[in-house]
file structure-v7.cif (mmCIF, N, CA and C atoms and all ligand atoms)
data_upload
#
loop_
_atom_site.group_PDB
_atom_site.id
_atom_site.type_symbol
_atom_site.label_atom_id
_atom_site.label_comp_id
_atom_site.auth_asym_id
_atom_site.auth_seq_id
_atom_site.Cartn_x
_atom_site.Cartn_y
_atom_site.Cartn_z
ATOM 1 N N MET A 29 96.313 -165.246 -121.640
ATOM 2 C CA MET A 29 97.035 -164.541 -120.569
ATOM 3 C C MET A 29 98.338 -165.264 -120.254
ATOM 4 N N ASN A 30 99.400 -164.497 -120.162
ATOM 5 C CA ASN A 30 100.704 -165.071 -119.824
ATOM 6 C C ASN A 30 101.249 -164.455 -118.536
ATOM 7 N N CYS A 31 102.260 -165.096 -118.009
ATOM 8 C CA CYS A 31 102.874 -164.645 -116.764
ATOM 9 C C CYS A 31 103.450 -163.239 -116.917
ATOM 10 N N PHE A 32 103.167 -162.368 -115.938
ATOM 11 C CA PHE A 32 103.698 -160.999 -115.975
ATOM 12 C C PHE A 32 105.194 -160.966 -115.688
ATOM 13 N N MET A 33 105.658 -161.981 -114.992
ATOM 14 C CA MET A 33 107.064 -162.000 -114.589
ATOM 15 C C MET A 33 107.964 -162.501 -115.711
ATOM 16 N N CYS A 34 107.588 -163.609 -116.322
ATOM 17 C CA CYS A 34 108.505 -164.244 -117.271
ATOM 18 C C CYS A 34 107.846 -164.559 -118.605
ATOM 19 N N LYS A 35 106.583 -164.195 -118.770
ATOM 20 C CA LYS A 35 105.827 -164.460 -120.004
ATOM 21 C C LYS A 35 105.584 -165.950 -120.258
ATOM 22 N N GLY A 36 105.734 -166.733 -119.209
ATOM 23 C CA GLY A 36 105.493 -168.174 -119.330
ATOM 24 C C GLY A 36 104.002 -168.477 -119.449
ATOM 25 N N THR A 37 103.694 -169.718 -119.728
ATOM 26 C CA THR A 37 102.304 -170.149 -119.879
ATOM 27 C C THR A 37 101.673 -170.387 -118.514
ATOM 28 N N LEU A 38 100.433 -169.913 -118.374
ATOM 29 C CA LEU A 38 99.726 -170.113 -117.112
ATOM 30 C C LEU A 38 98.831 -171.343 -117.209
ATOM 31 N N GLU A 39 98.816 -172.078 -116.122
ATOM 32 C CA GLU A 39 98.066 -173.312 -116.050
ATOM 33 C C GLU A 39 97.046 -173.195 -114.921
ATOM 34 N N LYS A 40 95.809 -173.646 -115.168
ATOM 35 C CA LYS A 40 94.798 -173.620 -114.095
ATOM 36 C C LYS A 40 95.084 -174.721 -113.098
ATOM 37 N N LYS A 41 95.150 -174.334 -111.841
ATOM 38 C CA LYS A 41 95.477 -175.301 -110.797
ATOM 39 C C LYS A 41 94.766 -174.939 -109.522
ATOM 40 N N LYS A 42 94.713 -175.892 -108.596
ATOM 41 C CA LYS A 42 94.275 -175.566 -107.239
ATOM 42 C C LYS A 42 95.507 -175.527 -106.359
ATOM 43 N N VAL A 43 95.620 -174.435 -105.619
ATOM 44 C CA VAL A 43 96.817 -174.267 -104.803
ATOM 45 C C VAL A 43 96.443 -174.060 -103.339
ATOM 46 N N ASN A 44 97.422 -174.209 -102.481
ATOM 47 C CA ASN A 44 97.227 -173.856 -101.082
ATOM 48 C C ASN A 44 97.752 -172.442 -100.884
ATOM 49 N N TYR A 45 96.891 -171.600 -100.325
ATOM 50 C CA TYR A 45 97.236 -170.197 -100.131
ATOM 51 C C TYR A 45 97.588 -170.000 -98.668
ATOM 52 N N ILE A 46 98.775 -169.516 -98.405
ATOM 53 C CA ILE A 46 99.243 -169.381 -97.028
ATOM 54 C C ILE A 46 99.422 -167.902 -96.683
ATOM 55 N N VAL A 47 98.798 -167.485 -95.586
ATOM 56 C CA VAL A 47 98.915 -166.111 -95.126
ATOM 57 C C VAL A 47 99.621 -166.134 -93.778
ATOM 58 N N ASP A 48 100.720 -165.450 -93.689
ATOM 59 C CA ASP A 48 101.454 -165.380 -92.429
ATOM 60 C C ASP A 48 101.209 -164.019 -91.807
ATOM 61 N N LEU A 49 100.393 -164.010 -90.727
ATOM 62 C CA LEU A 49 100.046 -162.741 -90.087
ATOM 63 C C LEU A 49 100.918 -162.490 -88.854
ATOM 64 N N GLY A 50 101.971 -163.241 -88.715
ATOM 65 C CA GLY A 50 102.824 -163.073 -87.552
ATOM 66 C C GLY A 50 102.409 -164.018 -86.443
ATOM 67 N N GLU A 51 101.332 -163.636 -85.707
ATOM 68 C CA GLU A 51 100.892 -164.498 -84.611
ATOM 69 C C GLU A 51 100.014 -165.639 -85.111
ATOM 70 N N THR A 52 99.452 -165.455 -86.253
ATOM 71 C CA THR A 52 98.544 -166.445 -86.818
ATOM 72 C C THR A 52 98.980 -166.790 -88.240
ATOM 73 N N ILE A 53 98.887 -168.070 -88.545
ATOM 74 C CA ILE A 53 99.125 -168.490 -89.925
ATOM 75 C C ILE A 53 97.841 -169.118 -90.444
ATOM 76 N N ILE A 54 97.384 -168.647 -91.588
ATOM 77 C CA ILE A 54 96.162 -169.155 -92.171
ATOM 78 C C ILE A 54 96.513 -169.894 -93.460
ATOM 79 N N ILE A 55 96.010 -171.115 -93.558
ATOM 80 C CA ILE A 55 96.239 -171.900 -94.773
ATOM 81 C C ILE A 55 94.881 -172.199 -95.401
ATOM 82 N N ILE A 56 94.701 -171.749 -96.623
ATOM 83 C CA ILE A 56 93.463 -172.021 -97.344
ATOM 84 C C ILE A 56 93.784 -173.027 -98.439
ATOM 85 N N LYS A 57 93.117 -174.173 -98.366
ATOM 86 C CA LYS A 57 93.434 -175.253 -99.302
ATOM 87 C C LYS A 57 92.511 -175.235 -100.508
ATOM 88 N N GLY A 58 93.054 -175.629 -101.656
ATOM 89 C CA GLY A 58 92.242 -175.803 -102.861
ATOM 90 C C GLY A 58 91.745 -174.516 -103.487
ATOM 91 N N VAL A 59 92.580 -173.480 -103.458
ATOM 92 C CA VAL A 59 92.191 -172.208 -104.066
ATOM 93 C C VAL A 59 92.457 -172.260 -105.578
ATOM 94 N N PRO A 60 91.432 -171.952 -106.388
ATOM 95 C CA PRO A 60 91.654 -171.965 -107.831
ATOM 96 C C PRO A 60 92.564 -170.820 -108.255
ATOM 97 N N ALA A 61 93.621 -171.143 -108.977
ATOM 98 C CA ALA A 61 94.594 -170.128 -109.372
ATOM 99 C C ALA A 61 95.123 -170.453 -110.751
ATOM 100 N N LYS A 62 95.800 -169.481 -111.331
ATOM 101 C CA LYS A 62 96.567 -169.746 -112.538
ATOM 102 C C LYS A 62 98.028 -169.698 -112.136
ATOM 103 N N VAL A 63 98.730 -170.752 -112.444
ATOM 104 C CA VAL A 63 100.114 -170.875 -112.007
ATOM 105 C C VAL A 63 101.032 -170.928 -113.220
ATOM 106 N N CYS A 64 102.090 -170.139 -113.167
ATOM 107 C CA CYS A 64 103.049 -170.115 -114.262
ATOM 108 C C CYS A 64 103.843 -171.416 -114.302
ATOM 109 N N GLU A 65 103.897 -172.001 -115.487
ATOM 110 C CA GLU A 65 104.636 -173.256 -115.634
ATOM 111 C C GLU A 65 106.130 -173.056 -115.447
ATOM 112 N N GLN A 66 106.598 -171.859 -115.733
ATOM 113 C CA GLN A 66 108.040 -171.618 -115.687
ATOM 114 C C GLN A 66 108.548 -171.185 -114.319
ATOM 115 N N CYS A 67 107.909 -170.134 -113.746
ATOM 116 C CA CYS A 67 108.474 -169.573 -112.512
ATOM 117 C C CYS A 67 107.610 -169.846 -111.285
ATOM 118 N N GLY A 68 106.398 -170.398 -111.493
ATOM 119 C CA GLY A 68 105.576 -170.760 -110.354
ATOM 120 C C GLY A 68 104.776 -169.611 -109.755
ATOM 121 N N GLU A 69 104.830 -168.442 -110.384
ATOM 122 C CA GLU A 69 104.048 -167.301 -109.919
ATOM 123 C C GLU A 69 102.552 -167.661 -109.953
ATOM 124 N N GLN A 70 101.816 -167.236 -108.908
ATOM 125 C CA GLN A 70 100.399 -167.570 -108.834
ATOM 126 C C GLN A 70 99.537 -166.340 -109.051
ATOM 127 N N TYR A 71 98.477 -166.512 -109.830
ATOM 128 C CA TYR A 71 97.546 -165.420 -110.089
ATOM 129 C C TYR A 71 96.146 -165.845 -109.683
ATOM 130 N N PHE A 72 95.430 -164.925 -109.033
ATOM 131 C CA PHE A 72 94.056 -165.196 -108.620
ATOM 132 C C PHE A 72 93.154 -164.173 -109.289
ATOM 133 N N ASP A 73 91.962 -164.610 -109.696
ATOM 134 C CA ASP A 73 91.064 -163.620 -110.282
ATOM 135 C C ASP A 73 90.415 -162.775 -109.169
ATOM 136 N N ASP A 74 89.711 -161.699 -109.575
ATOM 137 C CA ASP A 74 89.181 -160.732 -108.600
ATOM 138 C C ASP A 74 88.266 -161.377 -107.576
ATOM 139 N N LYS A 75 87.361 -162.222 -108.080
ATOM 140 C CA LYS A 75 86.395 -162.875 -107.209
ATOM 141 C C LYS A 75 87.097 -163.764 -106.177
ATOM 142 N N THR A 76 88.090 -164.501 -106.649
ATOM 143 C CA THR A 76 88.837 -165.381 -105.756
ATOM 144 C C THR A 76 89.601 -164.572 -104.716
ATOM 145 N N SER A 77 90.198 -163.460 -105.146
ATOM 146 C CA SER A 77 90.924 -162.598 -104.205
ATOM 147 C C SER A 77 89.999 -162.055 -103.121
ATOM 148 N N GLU A 78 88.788 -161.674 -103.535
ATOM 149 C CA GLU A 78 87.806 -161.172 -102.564
ATOM 150 C C GLU A 78 87.447 -162.250 -101.547
ATOM 151 N N ASN A 79 87.238 -163.451 -102.051
ATOM 152 C CA ASN A 79 86.901 -164.565 -101.159
ATOM 153 C C ASN A 79 88.035 -164.877 -100.196
ATOM 154 N N ILE A 80 89.250 -164.849 -100.714
ATOM 155 C CA ILE A 80 90.412 -165.103 -99.863
ATOM 156 C C ILE A 80 90.451 -164.065 -98.737
ATOM 157 N N GLU A 81 90.237 -162.803 -99.108
ATOM 158 C CA GLU A 81 90.266 -161.725 -98.123
ATOM 159 C C GLU A 81 89.186 -161.917 -97.057
ATOM 160 N N ALA A 82 87.979 -162.300 -97.509
ATOM 161 C CA ALA A 82 86.870 -162.516 -96.578
ATOM 162 C C ALA A 82 87.174 -163.674 -95.628
ATOM 163 N N ILE A 83 87.747 -164.739 -96.167
ATOM 164 C CA ILE A 83 88.088 -165.900 -95.334
ATOM 165 C C ILE A 83 89.154 -165.505 -94.311
ATOM 166 N N VAL A 84 90.166 -164.773 -94.768
ATOM 167 C CA VAL A 84 91.244 -164.347 -93.873
ATOM 168 C C VAL A 84 90.687 -163.450 -92.767
ATOM 169 N N ASN A 85 89.793 -162.515 -93.137
ATOM 170 C CA ASN A 85 89.211 -161.608 -92.142
ATOM 171 C C ASN A 85 88.421 -162.343 -91.071
ATOM 172 N N GLN A 86 87.730 -163.408 -91.504
ATOM 173 C CA GLN A 86 86.985 -164.212 -90.530
ATOM 174 C C GLN A 86 87.920 -164.958 -89.595
ATOM 175 N N LEU A 87 88.933 -165.588 -90.188
ATOM 176 C CA LEU A 87 89.786 -166.486 -89.411
ATOM 177 C C LEU A 87 90.750 -165.751 -88.495
ATOM 178 N N LYS A 88 91.137 -164.550 -88.876
ATOM 179 C CA LYS A 88 92.147 -163.881 -88.049
ATOM 180 C C LYS A 88 91.584 -163.401 -86.716
ATOM 181 N N ARG A 89 90.263 -163.428 -86.586
ATOM 182 C CA ARG A 89 89.654 -163.085 -85.290
ATOM 183 C C ARG A 89 89.738 -164.246 -84.305
ATOM 184 N N LEU A 90 89.963 -165.437 -84.818
ATOM 185 C CA LEU A 90 90.021 -166.603 -83.949
ATOM 186 C C LEU A 90 91.376 -166.680 -83.255
ATOM 187 N N PRO A 91 91.358 -167.047 -81.978
ATOM 188 C CA PRO A 91 92.626 -167.101 -81.234
ATOM 189 C C PRO A 91 93.380 -168.399 -81.506
ATOM 190 N N MET A 92 93.714 -168.618 -82.761
ATOM 191 C CA MET A 92 94.417 -169.843 -83.105
ATOM 192 C C MET A 92 95.740 -169.509 -83.766
ATOM 193 N N GLU A 93 96.746 -170.370 -83.513
ATOM 194 C CA GLU A 93 98.050 -170.112 -84.113
ATOM 195 C C GLU A 93 98.066 -170.477 -85.582
ATOM 196 N N VAL A 94 97.366 -171.583 -85.885
ATOM 197 C CA VAL A 94 97.298 -172.020 -87.276
ATOM 198 C C VAL A 94 95.853 -172.371 -87.611
ATOM 199 N N SER A 95 95.329 -171.786 -88.651
ATOM 200 C CA SER A 95 94.000 -172.134 -89.128
ATOM 201 C C SER A 95 94.125 -172.750 -90.510
ATOM 202 N N ILE A 96 93.503 -173.899 -90.682
ATOM 203 C CA ILE A 96 93.525 -174.535 -91.995
ATOM 204 C C ILE A 96 92.084 -174.728 -92.449
ATOM 205 N N VAL A 97 91.750 -174.175 -93.595
ATOM 206 C CA VAL A 97 90.386 -174.308 -94.104
ATOM 207 C C VAL A 97 90.417 -174.685 -95.584
ATOM 208 N N ASN A 98 89.328 -175.257 -96.024
ATOM 209 C CA ASN A 98 89.172 -175.479 -97.456
ATOM 210 C C ASN A 98 88.551 -174.238 -98.070
ATOM 211 N N TYR A 99 89.014 -173.897 -99.236
ATOM 212 C CA TYR A 99 88.483 -172.738 -99.942
ATOM 213 C C TYR A 99 87.005 -172.947 -100.260
ATOM 214 N N THR A 100 86.207 -171.912 -100.025
ATOM 215 C CA THR A 100 84.810 -171.961 -100.405
ATOM 216 C C THR A 100 84.424 -170.605 -100.971
ATOM 217 N N GLU A 101 83.497 -170.610 -101.913
ATOM 218 C CA GLU A 101 83.057 -169.325 -102.477
ATOM 219 C C GLU A 101 81.915 -168.744 -101.702
ATOM 220 N N GLU A 102 81.398 -169.509 -100.744
ATOM 221 C CA GLU A 102 80.289 -168.993 -99.957
ATOM 222 C C GLU A 102 80.768 -168.477 -98.622
ATOM 223 N N VAL A 103 81.305 -167.277 -98.636
ATOM 224 C CA VAL A 103 81.773 -166.660 -97.407
ATOM 225 C C VAL A 103 80.695 -165.692 -96.926
ATOM 226 N N ALA A 104 80.291 -165.854 -95.694
ATOM 227 C CA ALA A 104 79.207 -165.006 -95.165
ATOM 228 C C ALA A 104 79.697 -163.585 -94.967
HETATM 229 ZN ZN ZN B 1 106.394 -166.930 -114.859
#
call {"tool": "encode", "arguments": {"input": "structure-v7.cif", "output": "structure tokens"}}
result
Amino acid sequence: MNCFMCKGTLEKKKVNYIVDLGETIIIIKGVPAKVCEQCGEQYFDDKTSENIEAIVNQLKRLPMEVSIVNYTEEVA
């Protein structure tokens, strides 16, 4: 698999995923991703995207300006 943007090589990495919801900013640390060596574009597989969404849905209910969590695959 190569980068859709520039056809560069993708490298497996752990990244910090930042979601800016306006009133709340959520930072998920250590998310497994494929990152383009050339342009830095990040790709997440389906399972990871689902987990990210579940984590974001949980955290955005909290009345916090910034939430920082470690990525986990066990989202209730
Ligand atoms: Zn690229």
call {"tool": "residues_near_ligand", "arguments": {"input": "structure-v7.cif", "ligand": "ligand ZN 1 (chain B)", "cutoff": "6.5 Å", "atoms": "only N, CA and C atoms and all ligand atoms", "output": "PyMOL selection string"}}
result
chain A and resi 31-37+64-69
call {"tool": "select_by_dssp", "arguments": {"input": "structure-v7.cif", "residues": "chain A", "states": "strand (DSSP E or B)", "output": "PyMOL selection string"}}
result
chain A and resi 30+37-48+53-64+70-71+94-98
call {"tool": "resolve_selection", "arguments": {"input": "structure-v7.cif", "expression": "the PyMOL selection byres (((chain A and resi 73 and name CA) around 12) and not hetatm and name CA)", "output": "PyMOL selection string"}}
result
chain A and resi 29+40+59-63+70-72+74-80
call {"tool": "select_by_dssp", "arguments": {"input": "structure-v7.cif", "residues": "chain A", "states": "alpha helix (DSSP H)", "output": "list of chain:residue names"}}
result
A:Asp74, A:Lys75, A:Thr76, A:Ser77, A:Glu78, A:Asn79, A:Ile80, A:Glu81, A:Ala82, A:Ile83, A:Val84, A:Asn85, A:Gln86, A:Leu87
call {"tool": "atom_distance", "arguments": {"input": "structure-v7.cif", "atom1": "CA of Tyr45 in chain A", "atom2": "CA of Asn85 in chain A"}}
result
14.2 Å
call {"tool": "atom_distance", "arguments": {"input": "structure-v7.cif", "atom1": "atom N of Val43 in chain A", "atom2": "CA of Gly58 in chain A"}}
result
4.6 Å
call {"tool": "closest_residue", "arguments": {"input": "structure-v7.cif", "among": "A:Asn30, A:Lys57, A:Leu38, A:Val47", "to": "Val97 in chain A", "atoms": "all atoms listed in the file"}}
result
A:Lys57
call {"tool": "atom_distance", "arguments": {"input": "structure-v7.cif", "atom1": "CA of Glu51 in chain A", "atom2": "CA of Lys88 in chain A"}}
result
9.4 Å
call {"tool": "resolve_selection", "arguments": {"input": "structure-v7.cif", "expression": "the PyMOL selection byres (((chain A and resi 96) around 8) and not hetatm)", "output": "ChimeraX atom specification"}}
result
/A:53-57,93-95,97-99
call {"tool": "write_last_selection", "arguments": {"input": "structure-v7.cif", "atoms": "N, CA and C atoms", "output": "tab-separated table (two decimals), keeping the file's coordinate frame"}}
result
chain	number	residue	atom	x	y	z
A	53	ILE	N	98.89	-168.07	-88.54
A	53	ILE	CA	99.12	-168.49	-89.92
A	53	ILE	C	97.84	-169.12	-90.44
A	54	ILE	N	97.38	-168.65	-91.59
A	54	ILE	CA	96.16	-169.16	-92.17
A	54	ILE	C	96.51	-169.89	-93.46
A	55	ILE	N	96.01	-171.12	-93.56
A	55	ILE	CA	96.24	-171.90	-94.77
A	55	ILE	C	94.88	-172.20	-95.40
A	56	ILE	N	94.70	-171.75	-96.62
A	56	ILE	CA	93.46	-172.02	-97.34
A	56	ILE	C	93.78	-173.03	-98.44
A	57	LYS	N	93.12	-174.17	-98.37
A	57	LYS	CA	93.43	-175.25	-99.30
A	57	LYS	C	92.51	-175.24	-100.51
A	93	GLU	N	96.75	-170.37	-83.51
A	93	GLU	CA	98.05	-170.11	-84.11
A	93	GLU	C	98.07	-170.48	-85.58
A	94	VAL	N	97.37	-171.58	-85.88
A	94	VAL	CA	97.30	-172.02	-87.28
A	94	VAL	C	95.85	-172.37	-87.61
A	95	SER	N	95.33	-171.79	-88.65
A	95	SER	CA	94.00	-172.13	-89.13
A	95	SER	C	94.12	-172.75	-90.51
A	97	VAL	N	91.75	-174.18	-93.60
A	97	VAL	CA	90.39	-174.31	-94.10
A	97	VAL	C	90.42	-174.68	-95.58
A	98	ASN	N	89.33	-175.26	-96.02
A	98	ASN	CA	89.17	-175.48	-97.46
A	98	ASN	C	88.55	-174.24	-98.07
A	99	TYR	N	89.01	-173.90	-99.24
A	99	TYR	CA	88.48	-172.74	-99.94
A	99	TYR	C	87.00	-172.95	-100.26
call {"tool": "decode", "arguments": {"input": "structure-v7.cif", "residues": "range 33-69 of chain A", "atoms": "N, CA and C atoms", "output": "PDB file, in the first residue's frame"}}
result
ATOM      1  N   MET A  33      -1.917  10.271  -1.684  1.00  0.00           N
ATOM      2  CA  MET A  33      -1.637  11.656  -2.063  1.00  0.00           C
ATOM      3  C   MET A  33      -0.425  11.754  -2.980  1.00  0.00           C
ATOM      4  N   CYS A  34       0.655  11.093  -2.606  1.00  0.00           N
ATOM      5  CA  CYS A  34       1.907  11.303  -3.338  1.00  0.00           C
ATOM      6  C   CYS A  34       2.564  10.000  -3.765  1.00  0.00           C
ATOM      7  N   LYS A  35       1.934   8.870  -3.482  1.00  0.00           N
ATOM      8  CA  LYS A  35       2.474   7.544  -3.821  1.00  0.00           C
ATOM      9  C   LYS A  35       3.753   7.194  -3.054  1.00  0.00           C
ATOM     10  N   GLY A  36       3.976   7.914  -1.973  1.00  0.00           N
ATOM     11  CA  GLY A  36       5.154   7.643  -1.144  1.00  0.00           C
ATOM     12  C   GLY A  36       4.985   6.350  -0.350  1.00  0.00           C
ATOM     13  N   THR A  37       6.047   5.934   0.292  1.00  0.00           N
ATOM     14  CA  THR A  37       6.032   4.705   1.086  1.00  0.00           C
ATOM     15  C   THR A  37       5.410   4.965   2.450  1.00  0.00           C
ATOM     16  N   LEU A  38       4.557   4.028   2.871  1.00  0.00           N
ATOM     17  CA  LEU A  38       3.926   4.166   4.180  1.00  0.00           C
ATOM     18  C   LEU A  38       4.709   3.372   5.220  1.00  0.00           C
ATOM     19  N   GLU A  39       4.823   3.977   6.378  1.00  0.00           N
ATOM     20  CA  GLU A  39       5.578   3.400   7.467  1.00  0.00           C
ATOM     21  C   GLU A  39       4.644   3.206   8.658  1.00  0.00           C
ATOM     22  N   LYS A  40       4.738   2.048   9.324  1.00  0.00           N
ATOM     23  CA  LYS A  40       3.908   1.829  10.523  1.00  0.00           C
ATOM     24  C   LYS A  40       4.463   2.630  11.680  1.00  0.00           C
ATOM     25  N   LYS A  41       3.591   3.402  12.296  1.00  0.00           N
ATOM     26  CA  LYS A  41       4.027   4.264  13.391  1.00  0.00           C
ATOM     27  C   LYS A  41       2.921   4.408  14.400  1.00  0.00           C
ATOM     28  N   LYS A  42       3.277   4.891  15.587  1.00  0.00           N
ATOM     29  CA  LYS A  42       2.251   5.305  16.543  1.00  0.00           C
ATOM     30  C   LYS A  42       2.211   6.819  16.540  1.00  0.00           C
ATOM     31  N   VAL A  43       1.002   7.338  16.388  1.00  0.00           N
ATOM     32  CA  VAL A  43       0.873   8.788  16.287  1.00  0.00           C
ATOM     33  C   VAL A  43      -0.082   9.316  17.351  1.00  0.00           C
ATOM     34  N   ASN A  44      -0.037  10.610  17.557  1.00  0.00           N
ATOM     35  CA  ASN A  44      -1.027  11.248  18.412  1.00  0.00           C
ATOM     36  C   ASN A  44      -2.127  11.797  17.515  1.00  0.00           C
ATOM     37  N   TYR A  45      -3.355  11.411  17.838  1.00  0.00           N
ATOM     38  CA  TYR A  45      -4.501  11.809  17.031  1.00  0.00           C
ATOM     39  C   TYR A  45      -5.217  12.934  17.756  1.00  0.00           C
ATOM     40  N   ILE A  46      -5.362  14.059  17.106  1.00  0.00           N
ATOM     41  CA  ILE A  46      -5.950  15.230  17.753  1.00  0.00           C
ATOM     42  C   ILE A  46      -7.281  15.578  17.084  1.00  0.00           C
ATOM     43  N   VAL A  47      -8.324  15.693  17.900  1.00  0.00           N
ATOM     44  CA  VAL A  47      -9.639  16.055  17.398  1.00  0.00           C
ATOM     45  C   VAL A  47     -10.006  17.404  17.998  1.00  0.00           C
ATOM     46  N   ASP A  48     -10.267  18.360  17.160  1.00  0.00           N
ATOM     47  CA  ASP A  48     -10.663  19.682  17.636  1.00  0.00           C
ATOM     48  C   ASP A  48     -12.156  19.839  17.424  1.00  0.00           C
ATOM     49  N   LEU A  49     -12.914  19.786  18.545  1.00  0.00           N
ATOM     50  CA  LEU A  49     -14.371  19.870  18.444  1.00  0.00           C
ATOM     51  C   LEU A  49     -14.861  21.290  18.736  1.00  0.00           C
ATOM     52  N   GLY A  50     -13.964  22.232  18.749  1.00  0.00           N
ATOM     53  CA  GLY A  50     -14.360  23.596  19.048  1.00  0.00           C
ATOM     54  C   GLY A  50     -14.209  23.885  20.528  1.00  0.00           C
ATOM     55  N   GLU A  51     -15.204  23.422  21.329  1.00  0.00           N
ATOM     56  CA  GLU A  51     -15.123  23.683  22.765  1.00  0.00           C
ATOM     57  C   GLU A  51     -14.227  22.673  23.472  1.00  0.00           C
ATOM     58  N   THR A  52     -14.040  21.561  22.854  1.00  0.00           N
ATOM     59  CA  THR A  52     -13.248  20.490  23.445  1.00  0.00           C
ATOM     60  C   THR A  52     -12.178  20.036  22.457  1.00  0.00           C
ATOM     61  N   ILE A  53     -11.003  19.781  23.002  1.00  0.00           N
ATOM     62  CA  ILE A  53      -9.951  19.188  22.177  1.00  0.00           C
ATOM     63  C   ILE A  53      -9.602  17.835  22.778  1.00  0.00           C
ATOM     64  N   ILE A  54      -9.621  16.810  21.950  1.00  0.00           N
ATOM     65  CA  ILE A  54      -9.322  15.471  22.412  1.00  0.00           C
ATOM     66  C   ILE A  54      -8.011  15.022  21.772  1.00  0.00           C
ATOM     67  N   ILE A  55      -7.110  14.549  22.620  1.00  0.00           N
ATOM     68  CA  ILE A  55      -5.832  14.042  22.115  1.00  0.00           C
ATOM     69  C   ILE A  55      -5.730  12.568  22.493  1.00  0.00           C
ATOM     70  N   ILE A  56      -5.608  11.724  21.493  1.00  0.00           N
ATOM     71  CA  ILE A  56      -5.448  10.295  21.736  1.00  0.00           C
ATOM     72  C   ILE A  56      -4.012   9.931  21.393  1.00  0.00           C
ATOM     73  N   LYS A  57      -3.303   9.421  22.393  1.00  0.00           N
ATOM     74  CA  LYS A  57      -1.879   9.144  22.201  1.00  0.00           C
ATOM     75  C   LYS A  57      -1.641   7.698  21.802  1.00  0.00           C
ATOM     76  N   GLY A  58      -0.619   7.488  20.978  1.00  0.00           N
ATOM     77  CA  GLY A  58      -0.185   6.133  20.634  1.00  0.00           C
ATOM     78  C   GLY A  58      -1.131   5.371  19.727  1.00  0.00           C
ATOM     79  N   VAL A  59      -1.741   6.077  18.777  1.00  0.00           N
ATOM     80  CA  VAL A  59      -2.647   5.415  17.841  1.00  0.00           C
ATOM     81  C   VAL A  59      -1.834   4.771  16.708  1.00  0.00           C
ATOM     82  N   PRO A  60      -2.048   3.467  16.468  1.00  0.00           N
ATOM     83  CA  PRO A  60      -1.312   2.826  15.382  1.00  0.00           C
ATOM     84  C   PRO A  60      -1.784   3.336  14.027  1.00  0.00           C
ATOM     85  N   ALA A  61      -0.850   3.790  13.212  1.00  0.00           N
ATOM     86  CA  ALA A  61      -1.207   4.367  11.917  1.00  0.00           C
ATOM     87  C   ALA A  61      -0.142   4.013  10.903  1.00  0.00           C
ATOM     88  N   LYS A  62      -0.472   4.242   9.647  1.00  0.00           N
ATOM     89  CA  LYS A  62       0.540   4.182   8.605  1.00  0.00           C
ATOM     90  C   LYS A  62       0.783   5.611   8.161  1.00  0.00           C
ATOM     91  N   VAL A  63       2.023   6.010   8.202  1.00  0.00           N
ATOM     92  CA  VAL A  63       2.368   7.395   7.914  1.00  0.00           C
ATOM     93  C   VAL A  63       3.254   7.456   6.678  1.00  0.00           C
ATOM     94  N   CYS A  64       2.910   8.358   5.776  1.00  0.00           N
ATOM     95  CA  CYS A  64       3.692   8.522   4.559  1.00  0.00           C
ATOM     96  C   CYS A  64       5.046   9.146   4.877  1.00  0.00           C
ATOM     97  N   GLU A  65       6.088   8.513   4.364  1.00  0.00           N
ATOM     98  CA  GLU A  65       7.434   9.032   4.609  1.00  0.00           C
ATOM     99  C   GLU A  65       7.659  10.367   3.919  1.00  0.00           C
ATOM    100  N   GLN A  66       6.940  10.591   2.838  1.00  0.00           N
ATOM    101  CA  GLN A  66       7.178  11.803   2.053  1.00  0.00           C
ATOM    102  C   GLN A  66       6.359  13.002   2.509  1.00  0.00           C
ATOM    103  N   CYS A  67       5.020  12.807   2.621  1.00  0.00           N
ATOM    104  CA  CYS A  67       4.173  13.976   2.888  1.00  0.00           C
ATOM    105  C   CYS A  67       3.569  13.966   4.288  1.00  0.00           C
ATOM    106  N   GLY A  68       3.737  12.851   5.025  1.00  0.00           N
ATOM    107  CA  GLY A  68       3.260  12.825   6.395  1.00  0.00           C
ATOM    108  C   GLY A  68       1.778  12.512   6.547  1.00  0.00           C
ATOM    109  N   GLU A  69       1.106  12.201   5.444  1.00  0.00           N
ATOM    110  CA  GLU A  69      -0.303  11.828   5.500  1.00  0.00           C
ATOM    111  C   GLU A  69      -0.464  10.579   6.384  1.00  0.00           C
TER     112      GLU A  69
END
